[in-house]
Structure formats: structure tokens, C-alpha cells
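A.B. asks: My structure is in data-v7.cif, and what it holds is mmCIF, C-alpha atoms:
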data_entry
#
loop_
_atom_site.label_atom_id
_atom_site.label_comp_id
_atom_site.auth_asym_id
_atom_site.auth_seq_id
_atom_site.Cartn_x
_atom_site.Cartn_y
_atom_site.Cartn_z
CA MET A 18 154.12 158.33 47.83
CA THR A 19 153.13 157.17 51.32
CA SER A 20 156.25 158.87 52.72
CA LEU A 21 154.69 162.17 51.61
CA LEU A 22 151.51 161.40 53.53
CA THR A 23 152.47 162.26 57.10
CA HIS A 24 149.17 161.14 58.66
CA PHE A 25 149.98 157.47 58.08
CA ASP A 26 152.50 155.38 60.01
CA ALA A 27 154.87 152.77 58.53
CA HIS A 28 152.01 150.22 58.57
CA GLY A 29 149.55 152.49 56.73
CA GLN A 30 147.53 153.26 59.87
CA ALA A 31 146.16 156.79 60.28
CA HIS A 32 147.64 158.74 63.19
CA MET A 33 148.02 162.27 64.45
CA VAL A 34 151.45 163.64 63.54
CA ASP A 35 153.79 164.23 66.49
CA VAL A 36 154.76 167.91 66.36
CA SER A 37 156.47 168.06 69.77
CA ALA A 38 159.97 168.38 68.28
CA LYS A 39 158.99 171.23 65.94
CA ALA A 40 159.88 174.80 66.82
CA GLU A 41 157.13 177.25 67.66
CA THR A 42 157.04 179.83 64.89
CA HIS A 43 154.64 182.44 63.56
CA ARG A 44 152.50 180.68 60.97
CA VAL A 45 150.04 182.17 58.52
CA ALA A 46 147.71 180.62 55.97
CA VAL A 47 145.38 182.25 53.47
CA ALA A 48 142.54 180.37 51.78
CA ALA A 49 139.78 181.44 49.42
CA GLY A 50 136.61 180.19 47.80
CA GLU A 51 133.39 181.35 46.23
CA ILE A 52 129.67 180.84 46.13
CA CYS A 53 127.87 181.42 42.84
CA MET A 54 124.22 182.41 42.83
CA LEU A 55 121.42 184.01 40.90
CA PRO A 56 121.84 187.76 40.33
CA ALA A 57 118.68 188.40 42.38
CA THR A 58 120.21 186.53 45.34
CA LEU A 59 123.39 188.59 45.14
CA ALA A 60 121.25 191.75 45.01
CA LEU A 61 119.42 190.57 48.14
CA ILE A 62 122.74 190.17 49.97
CA ALA A 63 124.01 193.54 48.72
CA SER A 64 120.86 195.36 49.80
CA GLY A 65 120.97 193.94 53.31
CA THR A 66 117.32 192.92 53.09
CA ALA A 67 117.68 189.14 53.26
CA LYS A 68 115.00 187.63 55.48
CA LYS A 69 117.55 186.26 57.98
CA GLY A 70 119.47 189.54 58.30
CA ASP A 71 123.02 190.71 57.54
CA VAL A 72 124.24 187.76 55.48
CA LEU A 73 127.90 188.72 55.22
CA GLY A 74 128.13 189.88 58.84
CA VAL A 75 126.83 186.55 60.10
CA ALA A 76 128.98 184.65 57.60
CA ARG A 77 132.10 186.48 58.84
CA ILE A 78 131.42 185.41 62.44
CA ALA A 79 130.67 181.86 61.26
CA ALA A 80 133.96 181.75 59.33
CA ILE A 81 135.88 182.80 62.44
CA GLN A 82 134.10 180.07 64.41
CA GLY A 83 134.94 177.60 61.64
CA ALA A 84 138.65 178.34 62.00
CA LYS A 85 138.47 178.00 65.77
CA ARG A 86 136.61 174.65 65.62
CA CYS A 87 138.67 173.01 62.86
CA ALA A 88 140.17 170.36 65.16
CA ASP A 89 136.64 169.32 66.18
CA LEU A 90 135.71 168.72 62.53
CA VAL A 91 138.86 167.27 60.94
CA PRO A 92 139.92 164.22 62.97
CA LEU A 93 143.72 164.45 62.71
CA CYS A 94 144.08 168.23 63.09
CA HIS A 95 145.80 169.54 66.18
CA PRO A 96 143.86 172.03 68.32
CA LEU A 97 145.76 175.28 67.84
CA PRO A 98 145.97 178.55 69.75
CA ILE A 99 144.82 180.80 66.92
CA THR A 100 146.06 184.37 67.34
CA ARG A 101 144.19 185.99 64.44
CA VAL A 102 141.45 185.29 61.92
CA LYS A 103 140.70 187.84 59.21
CA VAL A 104 137.77 187.18 56.87
CA GLU A 105 136.88 189.26 53.83
CA PHE A 106 133.98 188.96 51.42
CA GLU A 107 133.80 190.51 47.97
CA MET A 108 130.67 190.65 45.85
CA ASP A 109 131.31 190.10 42.14
CA GLU A 110 128.24 191.33 40.29
CA VAL A 111 129.61 190.41 36.85
CA SER A 112 129.90 186.72 37.77
CA SER A 113 127.08 186.78 40.34
CA ARG A 114 129.16 185.36 43.18
CA VAL A 115 130.57 186.15 46.59
CA LEU A 116 134.27 185.55 47.11
CA CYS A 117 135.55 184.66 50.56
CA ARG A 118 139.16 185.03 51.72
CA ALA A 119 140.36 183.98 55.18
CA GLN A 120 143.73 184.56 56.79
CA VAL A 121 144.54 182.60 59.95
CA GLU A 122 147.59 183.04 62.17
CA THR A 123 149.14 181.27 65.14
CA LEU A 124 152.34 180.94 67.10
CA GLY A 125 152.68 177.19 67.06
CA ARG A 126 154.32 173.97 65.95
CA THR A 127 152.09 173.25 62.98
CA GLY A 128 150.47 175.27 60.21
CA VAL A 129 147.01 176.74 59.95
CA GLU A 130 146.08 175.80 56.37
CA MET A 131 143.23 173.58 57.55
CA GLU A 132 141.88 176.33 59.80
CA ALA A 133 141.89 178.80 56.89
CA LEU A 134 140.11 176.26 54.66
CA CYS A 135 137.53 175.57 57.38
CA ALA A 136 136.94 179.29 57.79
CA VAL A 137 136.23 179.71 54.09
CA GLN A 138 133.96 176.66 53.89
CA VAL A 139 131.90 177.58 56.97
CA GLY A 140 131.59 181.19 55.82
CA LEU A 141 130.31 180.08 52.41
CA LEU A 142 128.00 177.46 53.95
CA THR A 143 126.50 180.19 56.12
CA ILE A 144 125.78 182.32 53.06
CA TYR A 145 124.06 179.29 51.54
CA ASP A 146 122.06 178.69 54.71
CA MET A 147 120.93 182.29 54.99
CA CYS A 148 119.92 182.56 51.32
CA LYS A 149 118.66 179.07 50.47
CA ALA A 150 115.01 180.12 50.62
CA ALA A 151 115.71 182.47 47.70
CA ASP A 152 118.13 180.28 45.76
CA ARG A 153 118.66 176.57 46.40
CA GLY A 154 120.90 176.29 43.32
CA MET A 155 123.86 178.18 44.76
CA VAL A 156 127.20 176.46 44.17
CA ILE A 157 130.19 176.58 46.51
CA GLY A 158 133.52 175.99 44.83
CA ASN A 159 137.10 176.82 44.03
CA VAL A 160 138.09 176.47 47.69
CA ARG A 161 141.86 176.37 47.99
CA VAL A 162 144.92 177.46 49.94
CA LEU A 163 146.49 180.55 48.42
CA GLU A 164 149.55 180.77 50.64
CA LYS A 165 151.22 179.62 53.82
CA GLN A 166 154.07 181.13 55.78
CA GLY A 167 156.31 179.77 58.51
CA GLY A 168 157.46 176.40 59.69
CA LYS A 169 160.24 174.11 58.59
CA SER A 170 159.00 173.81 55.01
CA GLY A 171 159.02 177.61 54.60
CA ASP A 172 156.71 179.80 52.64
CA TRP A 173 154.50 178.64 49.78
CA ARG A 174 152.28 180.55 47.38
CA ALA A 175 149.80 179.10 44.87
CA ALA A 176 150.52 179.68 41.21
CA GLU A 177 148.63 182.65 39.82
CA SER A 178 146.50 180.41 37.61
CA SER A 179 145.06 178.59 40.67
CA SER A 180 143.78 181.82 42.24
CA PRO A 181 141.88 183.56 39.44
CA SER A 182 140.13 186.34 41.29
CA THR A 183 141.30 186.53 44.88
#
Take the structure in the file and give it back as C-alpha cells.
C.D. replies:
Amino acid sequence: MTSLLTHFDAHGQAHMVDVSAKAETHRVAVAAGEICMLPATLALIASGTAKKGDVLGVARIAAIQGAKRCADLVPLCHPLPITRVKVEFEMDEVSSRVLCRAQVETLGRTGVEMEALCAVQVGLLTIYDMCKAADRGMVIGNVRVLEKQGGKSGDWRAAESSSPST
């Protein structure tokens, strides 16, 4: 099992993976997650009348920043030259939640799954921060990688059952 964990050396010590021998390729990762809330909180976001302003607009910028700052937050991540970050939010009135989907791209030697996950988490955290005065019981969850493209290991897509609504 430890041979599958690339961030540990032969002695079990954590280290940053050496990617210098890897080819630079176009790499893409898509991640998603959700924040569940009271219907009144979702209505507040939808109406654009939240006390702190345009919740989803601010959350989109925060998600982009989250992708760009991933290496500052996750100790063994490589700083990457991100070439694109696309963030989408979808309001689901039936389930009273906001879905977040982030796509991150680079031309590099390592993938951008962590950057996509950071984008989603920071975007959802920003929604929480902007709406917590109205609803402290919001729940962030179901954060996961949906797909990755590029690199030596090739493309990967999550099974349909692990991505119920995005």
C-alpha cells in the first residue's frame, strides 16, 4: 500500500514528489461539492439581497483564488502555473443547496486535482461566510474529484454514482 502513496519515501518520511522527469502536458481536473442550507437562505442568495452583497459573485472570485493558492495551503503540493479556472454555481431549490463545480487547467508536470478541490472548498466556505448570519447550520459536503485529464496515468472519470447531481 505504501508504494501507492507517492508522498512518502522508502523510510515512510513525507516528501514532495520529484516531477522533474515528467513531461509537460495539458492537464485538467474537475471537482464539485455542495452547501446545504435553509430554503430562506437560498432565497436570500437567489434574490441578491444578502447583507454582504453578491454571494455567488464573491464566491466565484474566492474559488479562483483558492485554486491559485493551493500550494500555500496543502504542504506537499507543487506551485503550478494555472492557465484556466472555471467556476460554476447552481442553485437547487428542491434540495435547498448550492452546487459548486470547478475546472482547473495547466500546462505542467503534475495534475491539478488538488487545485480544483481547493477551488470548490474555498468557494463553498465563502458562501458560508457570507450567509452565516442568516444560517449557521449550513453544511458543506460531497466534495470530490469528478475527472482528470492528462499526464502519464491518463484520463480518469468518477463513476456516475459518485457524482449524483453535477
A.B. asks: Counting all atoms listed in the file, what are the residues of stretch 126-147 of chain A within 7 Å of stretch 46-53 of chain A, and for each of them which pair of atoms is the nearest and at what distance in Å, to one decimal? Sort the table by chain and rising number, as JSON lines.
C.D. replies:
{"residue": "A:Val129", "atom": "CA", "partner": "A:Ala46", "partner_atom": "CA", "distance": 5.6}
{"residue": "A:Glu130", "atom": "CA", "partner": "A:Ala46", "partner_atom": "CA", "distance": 5.1}
{"residue": "A:Ala133", "atom": "CA", "partner": "A:Ala48", "partner_atom": "CA", "distance": 5.4}
{"residue": "A:Leu134", "atom": "CA", "partner": "A:Ala48", "partner_atom": "CA", "distance": 5.6}
{"residue": "A:Val137", "atom": "CA", "partner": "A:Ala49", "partner_atom": "CA", "distance": 6.1}
{"residue": "A:Leu141", "atom": "CA", "partner": "A:Ile52", "partner_atom": "CA", "distance": 6.4}
A.B. asks: Could you check how far atom CA of A:Leu21 sits from atom CA of A:Ser170, in Å to one decimal?
C.D. replies: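 About the pair atom CA of A:Leu21 and atom CA of A:Ser170: they are 12.9 Å apart.
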A.B. asks: Which residues would end up in the selection if the PyMOL selection byres ((chain A and resi 117) around 12) were applied here, given that I need the answer as JSON, numbers by chain?
C.D. replies: {"A": [47, 48, 49, 50, 51, 52, 53, 73, 76, 77, 80, 103, 104, 105, 106, 107, 108, 109, 114, 115, 116, 118, 119, 120, 133, 134, 135, 136, 137, 138, 139, 140, 141, 142, 143, 144, 157, 158, 159, 160, 161, 162, 163, 182, 183]}
A.B. asks: Can you build me a table of stretch 136-183 of chain A residues sitting at most 10 Å from stretch 66-69 of chain A, with the closest atom pair per residue and its distance in Å to one decimal, using all atoms listed in the file, sorted by chain and residue number, as a Markdown table?
C.D. replies:
| residue | atom | partner | partner_atom | distance |
| --- | --- | --- | --- | --- |
| A:Asp146 | CA | A:Lys69 | CA | 9.4 |
| A:Met147 | CA | A:Lys69 | CA | 6.0 |
| A:Cys148 | CA | A:Ala67 | CA | 7.2 |
| A:Ala150 | CA | A:Lys68 | CA | 8.9 |
| A:Ala151 | CA | A:Ala67 | CA | 8.9 |
A.B. asks: Choose the residue, out of A:Gly168, A:Val45, A:Ile78, A:Ala84, that has the smallest atom-to-atom separation from A:Arg126; count all atoms listed in the file.
C.D. replies: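 Using all atoms listed in the file, the shortest distance to A:Arg126 belongs to A:Gly168.
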A.B. asks: Quote the spacing between atom CA of A:Ser37 and atom CA of A:Arg101 in Å to one decimal place.
C.D. replies: 22.4 Å
A.B. asks: What is the distance, in Å and to one decimal place, between atom CA of A:Thr123 and atom CA of A:Arg86?
C.D. replies: 14.2 Å
A.B. asks: Counting all atoms listed in the file, which residue out of A:Gly167, A:Tyr145, A:Pro92, A:Asp172 sits closest to A:Met33?
C.D. replies: A:Pro92
A.B. asks: So which one's closest to A:Glu122, A:Ala176, A:Ala60, A:Cys87, A:Val102? Using only C-alpha atoms, please.
C.D. replies: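 Of A:Ala176, A:Ala60, A:Cys87, A:Val102, the one nearest A:Glu122 is A:Val102, counting only C-alpha atoms.
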A.B. asks: Hey, which of A:Met131, A:Leu124, A:Leu61, A:Ala175 ends up closest to A:Lys39? Count all atoms listed in the file.
C.D. replies: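 With all atoms listed in the file as the atom set, the closest residue is A:Leu124.
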A.B. asks: I need the residue nearest A:Thr127 from this list: A:Cys94, A:Met155, A:Ala27, A:Ala79. Use all atoms listed in the file for the distance.
C.D. replies: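 Checking each candidate against A:Thr127, we get A:Cys94 as the closest.
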A.B. asks: Looking at only C-alpha atoms, which of A:Gly74, A:Gly154, A:Gly83, A:Pro98 is the one that sits closest to A:Glu41?
C.D. replies: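 Of A:Gly74, A:Gly154, A:Gly83, A:Pro98, the one nearest A:Glu41, counting only C-alpha atoms, is A:Pro98.
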